[in-house]
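Report on the structure given below.
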Amino acid sequence: MPYFSFSIHDNNALLNEFNIKPNQVYFSKSTYIWRILNKEKYKNICTLNREKRKKISKIGKSILFCLPPSIGLGDAIEYAHALRAIKKSNIFKNIGIAFTEKCSFIFNEYFELSDLYPFFISKEIINKYETLFHFTLEIEALKIQKYIRSNIENEIKSFFKIISDPFIIKSKKYTKIKKISIFPISNSPIRTMPFDILEKLLNFFKQNFIVEAYFDKNSEISNYLLEKINQNNISIIDCRGKKELVNSIQNIEYGVFMDSGPLHIAKLFNKKGVLIESSVSSKTLLNKNKNIISINNKYSSPYCKSPCGLTDLFNYNGKCGCYENLKIVYTDSKIKNLFEYYSMRGVKNNYITHIENPVGCLRSLDVQNILNYIKKDLRL
């Protein structure tokens with residue numbers, strides 16, 4: 001998604017939807033706004049220009065942090081952790097945060113961060129800040145998160161030389177677990193629970209607990225799995241938006257997680273549970289969290305060794321897959337040098353294929369091993 005500027009006439013529909021003022025210049029990274037401005041029926045715009053991000057030479061005392069476009073819930077929580085630590089450090093007199101989009105409530109309600117500009121920011125307001133800081137331009141590790149996932153919070157705090165204690169929000173603790181909440185869905189097929197594992201876990205838990213499984217009816221991956229499972233004696237949870245999802249997870253007793261947004265929400269509220277590791281390291285995801293145990297993935301092939309750090313399929317030479325599927329030998333140096341030649345083009349068209357035929361690290365999961373970990377954690 002490009003970083004772009006725009007201005008509109010006073011008869012543009014964006015005026016009503018976003019309270020944009022006519023004939024003023026705004027900057028955005030919003031895919032939604034970009035698409036609206038590019039539609040034929042919205043030709044009545046004054047200007048629409050792609051903008052080049054500029055690296056900073058000196059950081060001032062007033063700074064506007066620009067998030068990457070369309071961040072997911074998990075990433076939003078990691079960015080919010082880091083920005084809260086920066087605010088508490090008092091190294092800046094004034095902090096603004098741009099492009100929080102639908103995750104704005106996370107920054108404001110849970111991390112007490114203000115001066116948020118969710119979908120766009122005016123040129124007038126930008127000029128009030130001494131420094132315009134694009135995370136994925138200035139911090140090297142954040143440029144390649146799709147291919148080598150690292151802990152976003154730690155990368156930012158390290159860049160600004162900040163040391164802070166972990167931030168958690170206290171929530172209700174349960175002395176006896178009566179309900180299990182399963183979160184099988186990720187935005188990526190290589191971090192989504194395979195159907196056979198999900199089915200066996202549900203069948204086991206139904207014999208011993210109240211069971212609820214979280215799905216997302218706006219997700220093709222989610223709908224595919226939901227249609228296949230036996231829903232008898234299971235509560236299917238489909239939250240209407242990110243805020244409802246956060247509120248719901250705040251009240252769970254014990255969670256079974258893949259690498260997805262709900263894991264990060266559970267960490268924020270210090271919930272108990274288990275993470276089934278796939279392509280991203282549990283050390284990266286859990287960051288010393290003691291309430292969620294990890295079932296480590298030790299898969300290896302001639303091309304990769306789990307966890308490789310990849311967060312999604314990618315397109316290389318016209319084919320979509322992971323390092324093993326595409327027969328690319330994984331090395332840190334090679335990936336860092338070649339990632340710019342990879343593409344996300346056509347990737348989503350291959351999601352269901354890779355749900356039906358999971359990547360190697362997911363195929364290697366042993367359901368009995370997973371159950372043994374959970375039984376031990378729950379003292380069954």
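Each chain of the structure tokens is named A, B, ... in the order shown, its residues numbered from 1; ligands are numbered from 1 in display order.
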
Between stretch 65-95 of chain A and stretch 111-127 of chain A, at 9 Å or less, what are the per-residue closest atom pairs and their distances in Å? Count only C-alpha atoms, order by chain and rising residue number, and return it as JSON lines.
```
{"residue": "A:Ile77", "atom": "CA", "partner": "A:Phe111", "partner_atom": "CA", "distance": 8.9}
{"residue": "A:Ala80", "atom": "CA", "partner": "A:Phe111", "partner_atom": "CA", "distance": 6.5}
{"residue": "A:His81", "atom": "CA", "partner": "A:Phe111", "partner_atom": "CA", "distance": 7.3}
{"residue": "A:Leu83", "atom": "CA", "partner": "A:Leu113", "partner_atom": "CA", "distance": 8.0}
{"residue": "A:Arg84", "atom": "CA", "partner": "A:Phe111", "partner_atom": "CA", "distance": 6.2}
{"residue": "A:Lys87", "atom": "CA", "partner": "A:Leu113", "partner_atom": "CA", "distance": 8.2}
{"residue": "A:Ile95", "atom": "CA", "partner": "A:Asp115", "partner_atom": "CA", "distance": 7.2}
```

Take the residues just selected and output them with C-alpha atoms as a PDB file, in the first residue's frame.
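After the write, selection.pdb holds the following:
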```pdb
ATOM      1  CA  ILE A  77      -0.589  -4.454  20.434  1.00  0.00           C
ATOM      2  CA  ALA A  80       1.344   0.020  21.375  1.00  0.00           C
ATOM      3  CA  HIS A  81       3.562  -1.674  23.973  1.00  0.00           C
ATOM      4  CA  LEU A  83       4.996   3.433  22.102  1.00  0.00           C
ATOM      5  CA  ARG A  84       3.745   3.343  25.679  1.00  0.00           C
ATOM      6  CA  LYS A  87       5.976   7.874  26.167  1.00  0.00           C
ATOM      7  CA  ILE A  95       4.259  12.214  20.488  1.00  0.00           C
TER       8      ILE A  95
END
```

Taking 3 positions as the minimum chain separation for residues in the same chain, which residues sit within 8 Å of A:Phe269 when counting only C-alpha atoms? Answer as a short mmCIF file (atom, residue, chain, number, x, y, z; two decimals) with N, CA and C atoms, in the first residue's frame.
```cif
data_model
loop_
_atom_site.label_atom_id
_atom_site.label_comp_id
_atom_site.auth_asym_id
_atom_site.auth_seq_id
_atom_site.Cartn_x
_atom_site.Cartn_y
_atom_site.Cartn_z
N ILE A 168 1.20 -5.45 31.60
CA ILE A 168 0.04 -6.33 31.51
C ILE A 168 -1.13 -5.67 32.22
N ILE A 169 -2.33 -6.11 31.86
CA ILE A 169 -3.55 -5.61 32.50
C ILE A 169 -4.14 -6.77 33.31
N LYS A 170 -4.36 -6.54 34.57
CA LYS A 170 -4.87 -7.60 35.43
C LYS A 170 -6.31 -7.94 35.04
N SER A 171 -6.58 -9.23 35.02
CA SER A 171 -7.95 -9.70 34.75
C SER A 171 -8.24 -10.87 35.69
N GLN A 250 -10.78 -11.10 27.13
CA GLN A 250 -10.51 -10.63 28.49
C GLN A 250 -11.16 -11.54 29.53
N ILE A 265 -3.64 -10.57 22.53
CA ILE A 265 -4.65 -10.05 23.46
C ILE A 265 -4.57 -10.81 24.78
N ALA A 266 -4.46 -12.14 24.69
CA ALA A 266 -4.37 -12.97 25.90
C ALA A 266 -3.14 -12.61 26.72
#
```

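Closest approach to A:Val256 among A:Glu220, A:Glu78, A:Glu277, A:Glu130: A:Glu277, based on only C-alpha atoms.
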
Q) Excluding same-chain residues fewer than 6 positions from A:Glu212, what lies within 8 Å of it counting only C-alpha atoms, as a list of chain:residue names? A) A:Lys179, A:Ile180, A:Ser181, A:Ile182, A:Ile234, A:Ser235, A:Ile236, A:Ile237

Q.
Nearest residue to A:Ile162 out of A:Leu245, A:Ile86, A:Met344, A:Leu225, using only C-alpha atoms?
A. A:Ile86

Q: Using only C-alpha atoms, determine which residues lie at most 10 Å from stretch 98-100 of chain A, disregarding the query and same-chain residues fewer than 3 positions distant; provide the list as a PyMOL selection string.
A: chain A and resi 27-30+64-72+76+79-80+103-107+115-121+126+132-134

Q: Fewer than 5 positions away in the same chain doesn't count, so skip those; otherwise give me all residues within 12 Å of A:Thr47, counting only C-alpha atoms, as a list in words.
A: Phe4, Ser5, Phe6, Ser7, Ile8, His9, Pro22, Asn23, Gln24, Val25, Tyr26, Phe27, Leu37, Asn38 and Tyr42 of chain A

Could you please take those selected residues and save C-alpha atoms as a compact mmCIF listing (two decimals), in the first residue's frame?
```txt
# COMPACT_ATOMS: atom_id res chain seq x y z
CA PHE A 4 0.02 9.08 -0.53
CA SER A 5 -1.35 12.60 -0.28
CA PHE A 6 -4.70 13.88 -1.48
CA SER A 7 -7.13 16.75 -1.42
CA ILE A 8 -10.79 16.77 -2.48
CA HIS A 9 -13.53 19.10 -3.65
CA PRO A 22 -12.28 20.34 1.20
CA ASN A 23 -9.22 21.77 -0.52
CA GLN A 24 -6.83 20.74 2.27
CA VAL A 25 -3.90 18.34 1.80
CA TYR A 26 -3.97 15.06 3.74
CA PHE A 27 -1.58 12.12 3.98
CA LEU A 37 -10.08 7.93 -4.52
CA ASN A 38 -9.15 5.75 -7.48
CA TYR A 42 -14.70 9.87 -7.38
```

Q: Would you mind listing what lies within 8 Å of A:Tyr330 as a ChimeraX atom specification, with only C-alpha atoms counted and same-chain residues fewer than 5 positions away left out?
A: /A:303-305,308,323,335

Emit the selected residues as a PDB file, in the first residue's frame, including C-alpha atoms.
```pdb
ATOM      1  CA  TYR A 303      15.090 -26.274   2.750  1.00  0.00           C
ATOM      2  CA  CYS A 304      14.141 -24.966   6.181  1.00  0.00           C
ATOM      3  CA  LYS A 305      14.072 -25.507   9.903  1.00  0.00           C
ATOM      4  CA  CYS A 308      11.761 -20.126  10.114  1.00  0.00           C
ATOM      5  CA  TYR A 323      10.558 -21.946   1.623  1.00  0.00           C
ATOM      6  CA  ILE A 335      16.486 -14.104   2.793  1.00  0.00           C
TER       7      ILE A 335
END
```

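Of the listed residues A:Asn233, A:Ser219, A:Thr192, A:Asn357, the one whose atoms come nearest to A:Ser260 is A:Thr192, with distances taken using only C-alpha atoms.
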
I'd like the contact shell of stretch 313-320 of chain A - 8 Å cut-off, only C-alpha atoms, skipping same-chain residues fewer than 2 positions apart - returned as a CSV table (one decimal) with C-alpha atoms, in the first residue's frame.
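The result, stored in around-v9.csv:
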```csv
chain,number,residue,atom,x,y,z
A,188,SER,CA,-2.2,-16.8,7.1
A,189,PRO,CA,-2.6,-20.6,6.2
A,190,ILE,CA,0.9,-21.3,7.5
A,310,LEU,CA,7.9,-16.6,7.8
A,311,THR,CA,4.4,-15.2,8.5
A,322,CYS,CA,6.8,-21.3,1.8
A,326,LEU,CA,9.3,-23.4,-3.3
A,341,TYR,CA,12.2,-9.9,-5.1
A,342,TYR,CA,9.4,-11.8,-3.4
A,343,SER,CA,5.8,-10.7,-3.9
A,344,MET,CA,2.5,-11.2,-2.3
A,345,ARG,CA,0.7,-11.2,-5.7
A,346,GLY,CA,-1.9,-14.0,-5.9
A,347,VAL,CA,-1.1,-15.3,-2.5
A,350,ASN,CA,-3.7,-20.1,-2.7
```

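Counting only C-alpha atoms, the residue from A:Tyr3, A:Thr353, A:Ile249, A:Ser300 that sits nearest to A:Gly321 is A:Thr353.
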
Q. Could you pull out all residues of stretch 166-352 of chain A with a DSSP call of strand (DSSP E) and give them as a ChimeraX atom specification?
A. /A:179-183,210-214,235-237,255-257,273-276,292-295,314-316,319-321

Q: Name the residues of stretch 75-305 of chain A that come out as alpha helix (DSSP H) in a backbone DSSP run; write them as a PyMOL selection string.
A: chain A and resi 75-89+104-105+123-126+135-138+152-159+195-206+220-228+242-249+261-268+282-286

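Comparing A:Ala85, A:Thr331, A:Pro358, A:Ser279 by their smallest distance to A:Ile163, the closest is A:Ala85 (using only C-alpha atoms).
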
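In terms of minimum interatomic distance to A:Asn187, A:Ile221 ranks closest within A:Val329, A:Ile221, A:Cys361, A:Val280, counting only C-alpha atoms.
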
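Our summary of the geometry notes that atom CA of A:Arg363 is positioned 7.7 Å from atom CA of A:Pro194.
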